[in-house]
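**Student:** mmCIF, C-alpha atoms, file model_21.cif:
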```
data_start
#
loop_
_atom_site.group_PDB
_atom_site.id
_atom_site.type_symbol
_atom_site.label_atom_id
_atom_site.label_comp_id
_atom_site.auth_asym_id
_atom_site.auth_seq_id
_atom_site.Cartn_x
_atom_site.Cartn_y
_atom_site.Cartn_z
ATOM 1 C CA MET A 920 -61.741 -0.834 1.222
ATOM 2 C CA SER A 921 -58.155 -2.034 0.572
ATOM 3 C CA ARG A 922 -55.442 0.540 0.199
ATOM 4 C CA ARG A 923 -54.098 0.751 -3.341
ATOM 5 C CA ARG A 924 -50.351 0.277 -3.675
ATOM 6 C CA LYS A 925 -48.340 3.102 -5.146
ATOM 7 C CA GLY A 926 -46.240 2.365 -8.213
ATOM 8 C CA ARG A 927 -46.624 0.291 -11.311
ATOM 9 C CA ASP A 928 -46.733 -3.462 -11.765
ATOM 10 C CA VAL A 929 -43.161 -4.505 -12.540
ATOM 11 C CA ASN A 930 -42.195 -8.199 -12.659
ATOM 12 C CA GLY A 931 -38.762 -9.764 -12.991
ATOM 13 C CA ILE A 932 -35.236 -9.822 -11.586
ATOM 14 C CA LEU A 933 -32.574 -7.157 -11.935
ATOM 15 C CA VAL A 934 -28.989 -7.953 -10.947
ATOM 16 C CA ILE A 935 -27.189 -4.952 -9.474
ATOM 17 C CA ASP A 936 -23.462 -4.508 -8.905
ATOM 18 C CA LYS A 937 -23.739 -3.064 -5.408
ATOM 19 C CA PRO A 938 -21.222 -0.268 -4.756
ATOM 20 C CA LEU A 939 -19.215 0.375 -1.603
ATOM 21 C CA ASP A 940 -20.497 2.187 1.487
ATOM 22 C CA ILE A 941 -24.227 1.790 0.968
ATOM 23 C CA THR A 942 -26.638 -0.755 2.402
ATOM 24 C CA SER A 943 -28.422 -3.290 0.234
ATOM 25 C CA ASN A 944 -31.730 -1.730 1.238
ATOM 26 C CA GLY A 945 -30.422 1.682 0.210
ATOM 27 C CA ILE A 946 -29.689 0.366 -3.293
ATOM 28 C CA LEU A 947 -33.043 -1.400 -3.399
ATOM 29 C CA GLN A 948 -34.913 1.822 -2.647
ATOM 30 C CA GLN A 949 -32.941 3.734 -5.301
ATOM 31 C CA VAL A 950 -33.698 1.165 -7.984
ATOM 32 C CA LYS A 951 -37.313 0.755 -6.909
ATOM 33 C CA ARG A 952 -37.803 4.511 -7.382
ATOM 34 C CA LEU A 953 -36.127 4.448 -10.793
ATOM 35 C CA TYR A 954 -38.540 1.736 -11.913
ATOM 36 C CA GLY A 955 -41.522 3.289 -10.157
ATOM 37 C CA ALA A 956 -42.241 -0.239 -8.948
ATOM 38 C CA ALA A 957 -45.011 -1.098 -6.526
ATOM 39 C CA LYS A 958 -43.236 -4.095 -5.003
ATOM 40 C CA ALA A 959 -39.555 -5.023 -4.744
ATOM 41 C CA GLY A 960 -37.114 -6.794 -2.459
ATOM 42 C CA HIS A 961 -33.527 -8.054 -2.379
ATOM 43 C CA THR A 962 -32.302 -11.599 -1.883
ATOM 44 C CA GLY A 963 -29.892 -11.332 1.024
ATOM 45 C CA ALA A 964 -28.103 -8.249 2.258
ATOM 46 C CA LEU A 965 -24.498 -7.365 1.596
ATOM 47 C CA ASP A 966 -22.674 -5.307 4.223
ATOM 48 C CA PRO A 967 -21.895 -1.666 3.321
ATOM 49 C CA LEU A 968 -18.234 -2.779 3.080
ATOM 50 C CA ALA A 969 -19.139 -5.410 0.475
ATOM 51 C CA THR A 970 -19.720 -4.910 -3.248
ATOM 52 C CA GLY A 971 -20.917 -7.081 -6.091
ATOM 53 C CA VAL A 972 -23.818 -9.244 -7.178
ATOM 54 C CA LEU A 973 -27.134 -8.275 -5.582
ATOM 55 C CA PRO A 974 -30.246 -9.687 -7.309
ATOM 56 C CA LEU A 975 -33.339 -7.516 -6.818
ATOM 57 C CA CYS A 976 -36.798 -9.030 -7.251
ATOM 58 C CA PHE A 977 -39.820 -7.126 -8.530
ATOM 59 C CA GLY A 978 -43.479 -8.089 -8.318
ATOM 60 C CA GLU A 979 -44.101 -11.774 -9.019
ATOM 61 C CA ALA A 980 -40.371 -12.532 -8.708
ATOM 62 C CA THR A 981 -40.493 -11.707 -4.974
ATOM 63 C CA LYS A 982 -42.319 -15.019 -4.489
ATOM 64 C CA PHE A 983 -38.995 -16.770 -5.117
ATOM 65 C CA SER A 984 -36.793 -14.584 -2.903
ATOM 66 C CA GLN A 985 -36.349 -17.311 -0.294
ATOM 67 C CA MET A 986 -35.154 -19.837 -2.891
ATOM 68 C CA MET A 987 -32.628 -17.262 -4.097
ATOM 69 C CA LEU A 988 -31.589 -16.482 -0.521
ATOM 70 C CA ASP A 989 -30.947 -20.195 0.012
ATOM 71 C CA SER A 990 -28.726 -20.505 -3.069
ATOM 72 C CA ASP A 991 -24.946 -20.916 -3.180
ATOM 73 C CA LYS A 992 -22.728 -17.819 -3.291
ATOM 74 C CA SER A 993 -19.194 -16.913 -4.449
ATOM 75 C CA TYR A 994 -16.888 -14.160 -3.187
ATOM 76 C CA ILE A 995 -13.440 -12.647 -3.505
ATOM 77 C CA ALA A 996 -12.100 -11.388 -0.174
ATOM 78 C CA THR A 997 -9.003 -9.559 0.996
ATOM 79 C CA ALA A 998 -7.782 -10.524 4.470
ATOM 80 C CA ARG A 999 -5.525 -8.260 6.515
ATOM 81 C CA LEU A 1000 -3.240 -10.434 8.645
ATOM 82 C CA GLY A 1001 -1.981 -9.584 12.111
ATOM 83 C CA VAL A 1002 -5.004 -7.548 13.205
ATOM 84 C CA ARG A 1003 -8.307 -8.686 14.713
ATOM 85 C CA THR A 1004 -11.277 -6.334 14.935
ATOM 86 C CA GLU A 1005 -14.486 -6.564 16.939
ATOM 87 C CA THR A 1006 -16.594 -6.915 13.787
ATOM 88 C CA GLY A 1007 -14.257 -9.116 11.742
ATOM 89 C CA ASP A 1008 -13.886 -6.379 9.120
ATOM 90 C CA SER A 1009 -12.208 -2.997 8.744
ATOM 91 C CA GLU A 1010 -15.247 -1.121 10.098
ATOM 92 C CA GLY A 1011 -14.707 -2.450 13.620
ATOM 93 C CA ALA A 1012 -12.345 -1.324 16.372
ATOM 94 C CA VAL A 1013 -9.026 -3.164 16.646
ATOM 95 C CA VAL A 1014 -9.059 -5.654 19.519
ATOM 96 C CA GLU A 1015 -5.718 -7.416 19.011
ATOM 97 C CA GLU A 1016 -2.521 -7.100 17.003
ATOM 98 C CA LYS A 1017 0.065 -9.821 16.469
ATOM 99 C CA PRO A 1018 3.089 -10.155 14.199
ATOM 100 C CA VAL A 1019 2.537 -11.977 10.926
ATOM 101 C CA PRO A 1020 4.634 -15.182 10.828
ATOM 102 C CA ALA A 1021 8.044 -14.489 9.302
ATOM 103 C CA ASP A 1022 7.878 -17.783 7.396
ATOM 104 C CA LEU A 1023 4.542 -16.972 5.754
ATOM 105 C CA SER A 1024 4.538 -18.569 2.324
ATOM 106 C CA VAL A 1025 2.097 -19.770 -0.294
ATOM 107 C CA GLU A 1026 2.726 -23.332 0.855
ATOM 108 C CA LYS A 1027 2.009 -22.472 4.509
ATOM 109 C CA VAL A 1028 -1.200 -20.632 3.649
ATOM 110 C CA GLU A 1029 -2.347 -23.429 1.330
ATOM 111 C CA SER A 1030 -1.881 -25.979 4.108
ATOM 112 C CA VAL A 1031 -4.098 -23.867 6.378
ATOM 113 C CA LEU A 1032 -6.765 -23.322 3.725
ATOM 114 C CA GLU A 1033 -7.004 -27.071 3.142
ATOM 115 C CA GLY A 1034 -8.537 -27.414 6.615
ATOM 116 C CA PHE A 1035 -11.399 -25.125 5.636
ATOM 117 C CA ARG A 1036 -12.436 -26.844 2.410
ATOM 118 C CA GLY A 1037 -15.504 -29.076 2.338
ATOM 119 C CA ASP A 1038 -17.961 -29.454 5.203
ATOM 120 C CA ILE A 1039 -16.979 -27.340 8.208
ATOM 121 C CA GLN A 1040 -18.520 -25.968 11.401
ATOM 122 C CA GLN A 1041 -18.664 -22.190 11.698
ATOM 123 C CA VAL A 1042 -19.593 -19.935 14.613
ATOM 124 C CA PRO A 1043 -21.492 -16.863 13.313
ATOM 125 C CA SER A 1044 -20.092 -13.437 14.090
ATOM 126 C CA MET A 1045 -21.725 -11.391 16.849
ATOM 127 C CA TYR A 1046 -22.014 -8.685 14.199
ATOM 128 C CA SER A 1047 -24.102 -10.821 11.850
ATOM 129 C CA ALA A 1048 -27.810 -10.355 11.119
ATOM 130 C CA LEU A 1049 -28.584 -13.808 12.537
ATOM 131 C CA LYS A 1050 -31.419 -13.435 15.028
ATOM 132 C CA HIS A 1051 -31.553 -14.387 18.716
ATOM 133 C CA LYS A 1052 -34.930 -14.045 20.457
ATOM 134 C CA GLY A 1053 -36.214 -11.957 17.570
ATOM 135 C CA ARG A 1054 -33.299 -9.497 17.506
ATOM 136 C CA PRO A 1055 -30.259 -9.532 15.181
ATOM 137 C CA LEU A 1056 -26.999 -10.411 16.887
ATOM 138 C CA TYR A 1057 -25.385 -7.099 15.924
ATOM 139 C CA GLU A 1058 -27.869 -5.263 18.173
ATOM 140 C CA TYR A 1059 -26.678 -7.285 21.173
ATOM 141 C CA ALA A 1060 -23.057 -6.711 20.129
ATOM 142 C CA ARG A 1061 -23.543 -2.934 20.024
ATOM 143 C CA GLU A 1062 -24.905 -3.110 23.570
ATOM 144 C CA GLY A 1063 -21.849 -5.052 24.698
ATOM 145 C CA ILE A 1064 -23.810 -8.273 25.193
ATOM 146 C CA GLU A 1065 -22.209 -11.549 24.113
ATOM 147 C CA VAL A 1066 -24.695 -14.215 23.025
ATOM 148 C CA GLU A 1067 -23.695 -17.868 22.884
ATOM 149 C CA ARG A 1068 -23.807 -19.020 19.256
ATOM 150 C CA PRO A 1069 -23.681 -22.721 18.443
ATOM 151 C CA ALA A 1070 -21.481 -23.685 15.508
ATOM 152 C CA ARG A 1071 -23.421 -24.301 12.294
ATOM 153 C CA PRO A 1072 -22.562 -26.612 9.387
ATOM 154 C CA VAL A 1073 -21.624 -24.933 6.103
ATOM 155 C CA THR A 1074 -19.874 -26.208 2.999
ATOM 156 C CA ILE A 1075 -16.935 -24.511 1.309
ATOM 157 C CA TYR A 1076 -16.976 -25.865 -2.242
ATOM 158 C CA GLU A 1077 -13.904 -23.934 -3.359
ATOM 159 C CA LEU A 1078 -11.323 -21.945 -1.424
ATOM 160 C CA THR A 1079 -8.618 -20.626 -3.725
ATOM 161 C CA LEU A 1080 -5.593 -18.590 -2.736
ATOM 162 C CA LEU A 1081 -5.252 -15.805 -5.297
ATOM 163 C CA GLU A 1082 -2.313 -13.840 -3.877
ATOM 164 C CA VAL A 1083 -0.120 -13.570 -0.791
ATOM 165 C CA ARG A 1084 1.414 -10.229 0.147
ATOM 166 C CA GLU A 1085 3.431 -9.144 3.175
ATOM 167 C CA ASN A 1086 0.420 -8.902 5.457
ATOM 168 C CA GLU A 1087 -2.552 -9.637 3.178
ATOM 169 C CA LEU A 1088 -4.230 -12.544 1.419
ATOM 170 C CA ASP A 1089 -6.682 -12.548 -1.470
ATOM 171 C CA ILE A 1090 -8.960 -15.582 -1.545
ATOM 172 C CA ALA A 1091 -11.853 -16.764 -3.730
ATOM 173 C CA VAL A 1092 -14.657 -18.628 -1.952
ATOM 174 C CA SER A 1093 -17.638 -20.613 -3.240
ATOM 175 C CA CYS A 1094 -19.938 -21.743 -0.470
ATOM 176 C CA THR A 1095 -23.404 -22.656 0.730
ATOM 177 C CA LYS A 1096 -25.915 -20.194 2.128
ATOM 178 C CA GLY A 1097 -25.268 -18.981 5.659
ATOM 179 C CA THR A 1098 -21.476 -18.920 5.291
ATOM 180 C CA TYR A 1099 -19.945 -15.848 6.943
ATOM 181 C CA ILE A 1100 -16.826 -14.783 5.083
ATOM 182 C CA ARG A 1101 -15.751 -12.588 8.008
ATOM 183 C CA SER A 1102 -15.858 -15.617 10.306
ATOM 184 C CA LEU A 1103 -13.977 -17.703 7.744
ATOM 185 C CA VAL A 1104 -11.218 -15.088 7.494
ATOM 186 C CA GLU A 1105 -11.025 -14.774 11.287
ATOM 187 C CA ASP A 1106 -10.711 -18.558 11.613
ATOM 188 C CA ILE A 1107 -7.982 -18.688 8.951
ATOM 189 C CA GLY A 1108 -6.108 -15.936 10.805
ATOM 190 C CA ALA A 1109 -6.417 -17.844 14.074
ATOM 191 C CA VAL A 1110 -4.872 -20.991 12.574
ATOM 192 C CA LEU A 1111 -2.074 -18.893 11.060
ATOM 193 C CA GLY A 1112 -1.465 -17.633 14.604
ATOM 194 C CA CYS A 1113 -1.725 -13.918 13.883
ATOM 195 C CA GLY A 1114 -5.420 -13.155 13.507
ATOM 196 C CA ALA A 1115 -7.065 -11.520 10.482
ATOM 197 C CA HIS A 1116 -9.990 -9.412 9.355
ATOM 198 C CA VAL A 1117 -11.712 -8.616 6.040
ATOM 199 C CA THR A 1118 -10.730 -5.354 4.339
ATOM 200 C CA ALA A 1119 -12.522 -5.925 1.015
ATOM 201 C CA LEU A 1120 -15.315 -8.260 -0.024
ATOM 202 C CA ARG A 1121 -16.859 -8.678 -3.471
ATOM 203 C CA ARG A 1122 -19.680 -11.098 -4.209
ATOM 204 C CA THR A 1123 -19.094 -12.581 -7.650
ATOM 205 C CA MET A 1124 -22.047 -14.982 -7.865
ATOM 206 C CA ALA A 1125 -25.482 -15.378 -6.272
ATOM 207 C CA SER A 1126 -28.537 -17.343 -7.405
ATOM 208 C CA GLY A 1127 -26.626 -18.350 -10.533
ATOM 209 C CA PHE A 1128 -26.057 -14.707 -11.541
ATOM 210 C CA THR A 1129 -22.527 -13.336 -11.946
ATOM 211 C CA LEU A 1130 -20.954 -9.907 -12.348
ATOM 212 C CA ALA A 1131 -21.393 -10.326 -16.118
ATOM 213 C CA ASN A 1132 -25.169 -10.096 -15.509
ATOM 214 C CA ALA A 1133 -24.935 -7.079 -13.190
ATOM 215 C CA HIS A 1134 -25.868 -3.443 -13.837
ATOM 216 C CA GLU A 1135 -24.714 -0.325 -12.002
ATOM 217 C CA VAL A 1136 -27.116 2.307 -10.698
ATOM 218 C CA PRO A 1137 -25.495 5.170 -12.708
ATOM 219 C CA GLU A 1138 -26.230 3.128 -15.858
ATOM 220 C CA LEU A 1139 -29.910 2.989 -14.896
ATOM 221 C CA GLU A 1140 -29.992 6.694 -14.090
ATOM 222 C CA ALA A 1141 -28.437 7.550 -17.471
ATOM 223 C CA MET A 1142 -31.029 5.436 -19.264
ATOM 224 C CA ARG A 1143 -33.836 7.222 -17.449
ATOM 225 C CA GLU A 1144 -32.382 10.609 -18.363
ATOM 226 C CA ARG A 1145 -32.346 9.547 -22.035
ATOM 227 C CA GLY A 1146 -35.980 8.481 -21.752
ATOM 228 C CA GLU A 1147 -35.164 4.796 -22.259
ATOM 229 C CA SER A 1148 -37.200 2.044 -20.618
ATOM 230 C CA LEU A 1149 -35.456 0.028 -17.902
ATOM 231 C CA ASP A 1150 -37.816 -2.919 -18.245
ATOM 232 C CA GLY A 1151 -35.651 -4.537 -20.902
ATOM 233 C CA LEU A 1152 -32.937 -5.125 -18.292
ATOM 234 C CA LEU A 1153 -35.192 -7.413 -16.264
ATOM 235 C CA VAL A 1154 -34.921 -11.181 -16.534
ATOM 236 C CA ALA A 1155 -37.804 -13.578 -15.892
ATOM 237 C CA PRO A 1156 -38.256 -15.071 -12.390
ATOM 238 C CA ASP A 1157 -37.375 -18.578 -13.559
ATOM 239 C CA ALA A 1158 -33.879 -17.387 -14.529
ATOM 240 C CA ALA A 1159 -32.928 -17.863 -10.866
ATOM 241 C CA LEU A 1160 -34.492 -21.328 -10.611
ATOM 242 C CA SER A 1161 -32.531 -23.290 -13.207
ATOM 243 C CA MET A 1162 -31.336 -25.701 -10.496
ATOM 244 C CA PHE A 1163 -34.814 -27.258 -10.449
ATOM 245 C CA PRO A 1164 -36.100 -29.672 -13.133
ATOM 246 C CA GLU A 1165 -38.669 -28.465 -15.674
ATOM 247 C CA VAL A 1166 -42.171 -29.912 -16.010
ATOM 248 C CA LYS A 1167 -44.543 -28.951 -18.840
ATOM 249 C CA LEU A 1168 -48.272 -29.166 -18.075
ATOM 250 C CA THR A 1169 -51.235 -28.906 -20.425
ATOM 251 C CA GLY A 1170 -54.977 -29.391 -20.340
ATOM 252 C CA PRO A 1171 -56.773 -30.276 -17.071
ATOM 253 C CA SER A 1172 -53.487 -30.736 -15.172
ATOM 254 C CA LEU A 1173 -52.437 -27.174 -15.985
ATOM 255 C CA VAL A 1174 -55.845 -25.784 -15.041
ATOM 256 C CA SER A 1175 -55.799 -27.636 -11.707
ATOM 257 C CA ILE A 1176 -52.307 -26.430 -10.805
ATOM 258 C CA LEU A 1177 -53.182 -22.829 -11.695
ATOM 259 C CA ASN A 1178 -56.184 -23.107 -9.384
ATOM 260 C CA GLY A 1179 -53.905 -24.211 -6.542
ATOM 261 C CA GLN A 1180 -54.860 -27.877 -6.699
ATOM 262 C CA PRO A 1181 -52.360 -30.778 -6.641
ATOM 263 C CA VAL A 1182 -52.084 -33.007 -9.698
ATOM 264 C CA ARG A 1183 -50.716 -36.467 -10.457
ATOM 265 C CA ILE A 1184 -48.550 -37.112 -13.511
ATOM 266 C CA SER A 1185 -47.013 -40.316 -14.846
ATOM 267 C CA GLY A 1186 -43.890 -41.034 -16.822
ATOM 268 C CA GLN A 1187 -41.767 -38.695 -14.682
ATOM 269 C CA SER A 1188 -39.327 -39.375 -11.836
ATOM 270 C CA PHE A 1189 -38.992 -36.059 -9.994
ATOM 271 C CA GLU A 1190 -38.641 -35.393 -6.286
ATOM 272 C CA GLY A 1191 -38.409 -31.990 -4.608
ATOM 273 C CA PHE A 1192 -39.019 -28.626 -6.254
ATOM 274 C CA VAL A 1193 -39.741 -28.420 -9.978
ATOM 275 C CA ARG A 1194 -40.344 -25.528 -12.379
ATOM 276 C CA LEU A 1195 -43.777 -25.581 -13.967
ATOM 277 C CA TYR A 1196 -44.507 -24.378 -17.501
ATOM 278 C CA GLY A 1197 -47.800 -24.047 -19.329
ATOM 279 C CA ASN A 1198 -48.782 -23.031 -22.860
ATOM 280 C CA GLU A 1199 -47.639 -19.436 -22.262
ATOM 281 C CA GLY A 1200 -44.418 -20.117 -20.315
ATOM 282 C CA PHE A 1201 -43.399 -20.236 -16.657
ATOM 283 C CA VAL A 1202 -46.247 -20.574 -14.149
ATOM 284 C CA GLY A 1203 -44.449 -21.293 -10.870
ATOM 285 C CA LEU A 1204 -42.879 -23.839 -8.565
ATOM 286 C CA ALA A 1205 -44.343 -27.093 -7.292
ATOM 287 C CA GLU A 1206 -43.015 -29.757 -4.964
ATOM 288 C CA ALA A 1207 -42.891 -33.269 -6.383
ATOM 289 C CA PHE A 1208 -43.566 -36.385 -4.322
ATOM 290 C CA PRO A 1209 -43.042 -39.721 -6.117
ATOM 291 C CA GLU A 1210 -45.559 -42.456 -5.410
ATOM 292 C CA GLY A 1211 -44.924 -45.641 -7.315
ATOM 293 C CA GLU A 1212 -45.141 -44.903 -11.039
ATOM 294 C CA VAL A 1213 -46.743 -41.476 -10.600
ATOM 295 C CA VAL A 1214 -45.593 -38.160 -9.143
ATOM 296 C CA ASN A 1215 -47.770 -35.906 -7.007
ATOM 297 C CA LEU A 1216 -47.213 -32.216 -7.753
ATOM 298 C CA ILE A 1217 -48.170 -29.794 -4.982
ATOM 299 C CA PRO A 1218 -48.199 -26.118 -6.094
ATOM 300 C CA ARG A 1219 -46.008 -23.951 -3.830
ATOM 301 C CA ARG A 1220 -45.370 -20.623 -5.613
ATOM 302 C CA LEU A 1221 -47.448 -19.604 -8.621
ATOM 303 C CA VAL A 1222 -47.131 -16.496 -10.769
ATOM 304 C CA LYS A 1223 -49.848 -14.618 -12.615
ATOM 305 C CA SER A 1224 -50.240 -16.444 -15.899
ATOM 306 C CA SER A 1225 -52.154 -15.842 -19.098
ATOM 307 C CA ASP A 1226 -52.693 -19.629 -19.104
ATOM 308 C CA LYS A 1227 -55.269 -19.134 -16.371
ATOM 309 C CA ARG A 1228 -58.675 -18.361 -17.750
#
```
Could you render the structure from this file as structure tokens?
**Tutor:**
Amino acid sequence: MSRRRKGRDVNGILVIDKPLDITSNGILQQVKRLYGAAKAGHTGALDPLATGVLPLCFGEATKFSQMMLDSDKSYIATARLGVRTETGDSEGAVVEEKPVPADLSVEKVESVLEGFRGDIQQVPSMYSALKHKGRPLYEYAREGIEVERPARPVTIYELTLLEVRENELDIAVSCTKGTYIRSLVEDIGAVLGCGAHVTALRRTMASGFTLANAHEVPELEAMRERGESLDGLLVAPDAALSMFPEVKLTGPSLVSILNGQPVRISGQSFEGFVRLYGNEGFVGLAEAFPEGEVVNLIPRRLVKSSDKR
């Protein structure tokens, strides 16, 4: 006999403005309890030091967590110049101090930032969650073990200098998945010749969601105390998938897809992931493979749908 899950069936995405000094999982558990949800997960952890956009997935939306994890992100970061730490942020012990260049100027910083725009190679921090032989790198780091990390390609779409102070920089970054802002700041500090580390980090966009879409946990708690439902704050799973083309299916094609069977459609020219819609709305994701004048649709992630009889 299967064990029944505790909690109610909640489906959708809630964007949280993660506060300082708490883990992403800590926030997830708080919100999951507030909703009384049976199933929930987040879409990529933020460090306790970091704040900002953290999409949480409930129920059927968890099927698309990986797509959301793979999406582009945007941040605003404050870099402290002249000090390197073992973790690349203010939570780590200081390992080196150097004077900040006396001729530091907006023009000098801009010339350095130019070298980090576009496609770059980045070596992940030893204090990242990237895994080596099944263990996150930060576990090795805490044991004093240095693991060789090959540089990885990432893309910095935008790198904007917001402000230069005596020993600090504020920058805005838009980047691909897998970009480590701590490593970026450390590399910028190295080129400036004085070293740097992150003292503040705020994620401003993830999976297409921005801070304008985000809710704070105290807001949810106040709603619960007033006896108001939180379900109205949820957005549908396909809200995070707008980067994929939309395909509407009806009749036998819809029935086949909902039963997990591939279908062939004509008059379309899609390739890669597509959003599928039936008579009652979103039904999931399929992968499209063009073949001459037809496209083969292979179902990849389907949601419970009232279209299915």
**Student:** Find the residues of stretch 966-1068 of chain A that sit at most 10 Å from stretch 935-939 of chain A; for each, write down the nearest two atoms and how far apart they are in Å, to one decimal. Count only C-alpha atoms. Sort by chain, then by number going up, and give it as a Markdown table.
**Tutor:**
```
| residue | atom | partner | partner_atom | distance |
| --- | --- | --- | --- | --- |
| A:Asp966 | CA | A:Leu939 | CA | 8.8 |
| A:Pro967 | CA | A:Leu939 | CA | 6.0 |
| A:Leu968 | CA | A:Leu939 | CA | 5.7 |
| A:Ala969 | CA | A:Leu939 | CA | 6.1 |
| A:Thr970 | CA | A:Lys937 | CA | 4.9 |
| A:Gly971 | CA | A:Asp936 | CA | 4.6 |
| A:Val972 | CA | A:Asp936 | CA | 5.1 |
| A:Leu973 | CA | A:Ile935 | CA | 5.1 |
| A:Pro974 | CA | A:Ile935 | CA | 6.0 |
| A:Leu975 | CA | A:Ile935 | CA | 7.2 |
```
**Student:** Atom CA of A:Lys992 and atom CA of A:Thr1123, how far apart in Å?
**Tutor:**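 Those two atoms sit 7.7 Å apart.
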**Student:** Apply the PyMOL selection byres ((chain A and resi 957) around 10) to the file shown and report the selected residues as a ChimeraX atom specification.
**Tutor:** /A:923-930,951-952,954-956,958-959,977-978
**Student:** Identify, on the basis of all atoms listed in the file, every residue whose closest approach to A:Arg1194 does not exceed 9 Å; exclude the query and any residue fewer than 6 positions from it along the same chain; express the result as a VMD selection string.
**Tutor:** chain A and resid 1157 1160 to 1161 1163 to 1167 1201 to 1206
**Student:** Would you output that residue set with C-alpha atoms, as a compact mmCIF listing (two decimals), in the frame of the given file?
**Tutor:**
```txt
# COMPACT_ATOMS: atom_id res chain seq x y z
CA ASP A 1157 -37.38 -18.58 -13.56
CA LEU A 1160 -34.49 -21.33 -10.61
CA SER A 1161 -32.53 -23.29 -13.21
CA PHE A 1163 -34.81 -27.26 -10.45
CA PRO A 1164 -36.10 -29.67 -13.13
CA GLU A 1165 -38.67 -28.46 -15.67
CA VAL A 1166 -42.17 -29.91 -16.01
CA LYS A 1167 -44.54 -28.95 -18.84
CA PHE A 1201 -43.40 -20.24 -16.66
CA VAL A 1202 -46.25 -20.57 -14.15
CA GLY A 1203 -44.45 -21.29 -10.87
CA LEU A 1204 -42.88 -23.84 -8.56
CA ALA A 1205 -44.34 -27.09 -7.29
CA GLU A 1206 -43.02 -29.76 -4.96
```
**Student:** Would you kindly translate the PyMOL selection byres ((chain A and resi 1000-1008) around 6) into the concrete residues it picks from this file, as a list in words?
**Tutor:**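 What the PyMOL selection byres ((chain A and resi 1000-1008) around 6) grabs from the file is Arg999, Ser1009, Glu1010, Gly1011, Ala1012, Val1013, Val1014, Glu1015, Glu1016, Lys1017, Pro1018, Val1019, Tyr1046, Asn1086, Glu1087, Arg1101, Cys1113, Gly1114, Ala1115, His1116, Val1117 and Thr1118 of chain A.
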**Student:** Those selected residues, please, written with C-alpha atoms and delivered as a PDB file, in the frame of the given file.
**Tutor:**
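Listing of again-v9.pdb after writing:
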```pdb
ATOM      1  CA  ARG A 999      -5.525  -8.260   6.515  1.00  0.00           C
ATOM      2  CA  SER A1009     -12.208  -2.997   8.744  1.00  0.00           C
ATOM      3  CA  GLU A1010     -15.247  -1.121  10.098  1.00  0.00           C
ATOM      4  CA  GLY A1011     -14.707  -2.450  13.620  1.00  0.00           C
ATOM      5  CA  ALA A1012     -12.345  -1.324  16.372  1.00  0.00           C
ATOM      6  CA  VAL A1013      -9.026  -3.164  16.646  1.00  0.00           C
ATOM      7  CA  VAL A1014      -9.059  -5.654  19.519  1.00  0.00           C
ATOM      8  CA  GLU A1015      -5.718  -7.416  19.011  1.00  0.00           C
ATOM      9  CA  GLU A1016      -2.521  -7.100  17.003  1.00  0.00           C
ATOM     10  CA  LYS A1017       0.065  -9.821  16.469  1.00  0.00           C
ATOM     11  CA  PRO A1018       3.089 -10.155  14.199  1.00  0.00           C
ATOM     12  CA  VAL A1019       2.537 -11.977  10.926  1.00  0.00           C
ATOM     13  CA  TYR A1046     -22.014  -8.685  14.199  1.00  0.00           C
ATOM     14  CA  ASN A1086       0.420  -8.902   5.457  1.00  0.00           C
ATOM     15  CA  GLU A1087      -2.552  -9.637   3.178  1.00  0.00           C
ATOM     16  CA  ARG A1101     -15.751 -12.588   8.008  1.00  0.00           C
ATOM     17  CA  CYS A1113      -1.725 -13.918  13.883  1.00  0.00           C
ATOM     18  CA  GLY A1114      -5.420 -13.155  13.507  1.00  0.00           C
ATOM     19  CA  ALA A1115      -7.065 -11.520  10.482  1.00  0.00           C
ATOM     20  CA  HIS A1116      -9.990  -9.412   9.355  1.00  0.00           C
ATOM     21  CA  VAL A1117     -11.712  -8.616   6.040  1.00  0.00           C
ATOM     22  CA  THR A1118     -10.730  -5.354   4.339  1.00  0.00           C
TER      23      THR A1118
END
```
**Student:** Starting from the incomplete input, reconstruct N, CA and C atoms of stretch 1043-1050 of chain A and report them as a PDB file, keeping the file's coordinate frame.
**Tutor:**
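For reference, selection.pdb as written:
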```pdb
ATOM      1  N   PRO A1043     -21.161 -18.167  13.905  1.00  0.00           N
ATOM      2  CA  PRO A1043     -21.492 -16.863  13.313  1.00  0.00           C
ATOM      3  C   PRO A1043     -20.921 -15.706  14.123  1.00  0.00           C
ATOM      4  N   SER A1044     -20.601 -14.633  13.434  1.00  0.00           N
ATOM      5  CA  SER A1044     -20.092 -13.437  14.090  1.00  0.00           C
ATOM      6  C   SER A1044     -21.176 -12.788  14.937  1.00  0.00           C
ATOM      7  N   MET A1045     -20.777 -12.159  16.042  1.00  0.00           N
ATOM      8  CA  MET A1045     -21.725 -11.391  16.849  1.00  0.00           C
ATOM      9  C   MET A1045     -22.235 -10.187  16.068  1.00  0.00           C
ATOM     10  N   TYR A1046     -21.579  -9.837  14.997  1.00  0.00           N
ATOM     11  CA  TYR A1046     -22.014  -8.685  14.199  1.00  0.00           C
ATOM     12  C   TYR A1046     -22.751  -9.128  12.933  1.00  0.00           C
ATOM     13  N   SER A1047     -23.300 -10.344  12.970  1.00  0.00           N
ATOM     14  CA  SER A1047     -24.102 -10.821  11.850  1.00  0.00           C
ATOM     15  C   SER A1047     -25.566 -10.450  12.076  1.00  0.00           C
ATOM     16  N   ALA A1048     -26.376 -10.653  11.034  1.00  0.00           N
ATOM     17  CA  ALA A1048     -27.810 -10.355  11.119  1.00  0.00           C
ATOM     18  C   ALA A1048     -28.610 -11.558  11.625  1.00  0.00           C
ATOM     19  N   LEU A1049     -27.917 -12.630  11.983  1.00  0.00           N
ATOM     20  CA  LEU A1049     -28.584 -13.808  12.537  1.00  0.00           C
ATOM     21  C   LEU A1049     -29.346 -13.401  13.794  1.00  0.00           C
ATOM     22  N   LYS A1050     -30.567 -13.909  13.928  1.00  0.00           N
ATOM     23  CA  LYS A1050     -31.419 -13.435  15.028  1.00  0.00           C
ATOM     24  C   LYS A1050     -31.372 -14.345  16.254  1.00  0.00           C
TER      25      LYS A1050
END
```
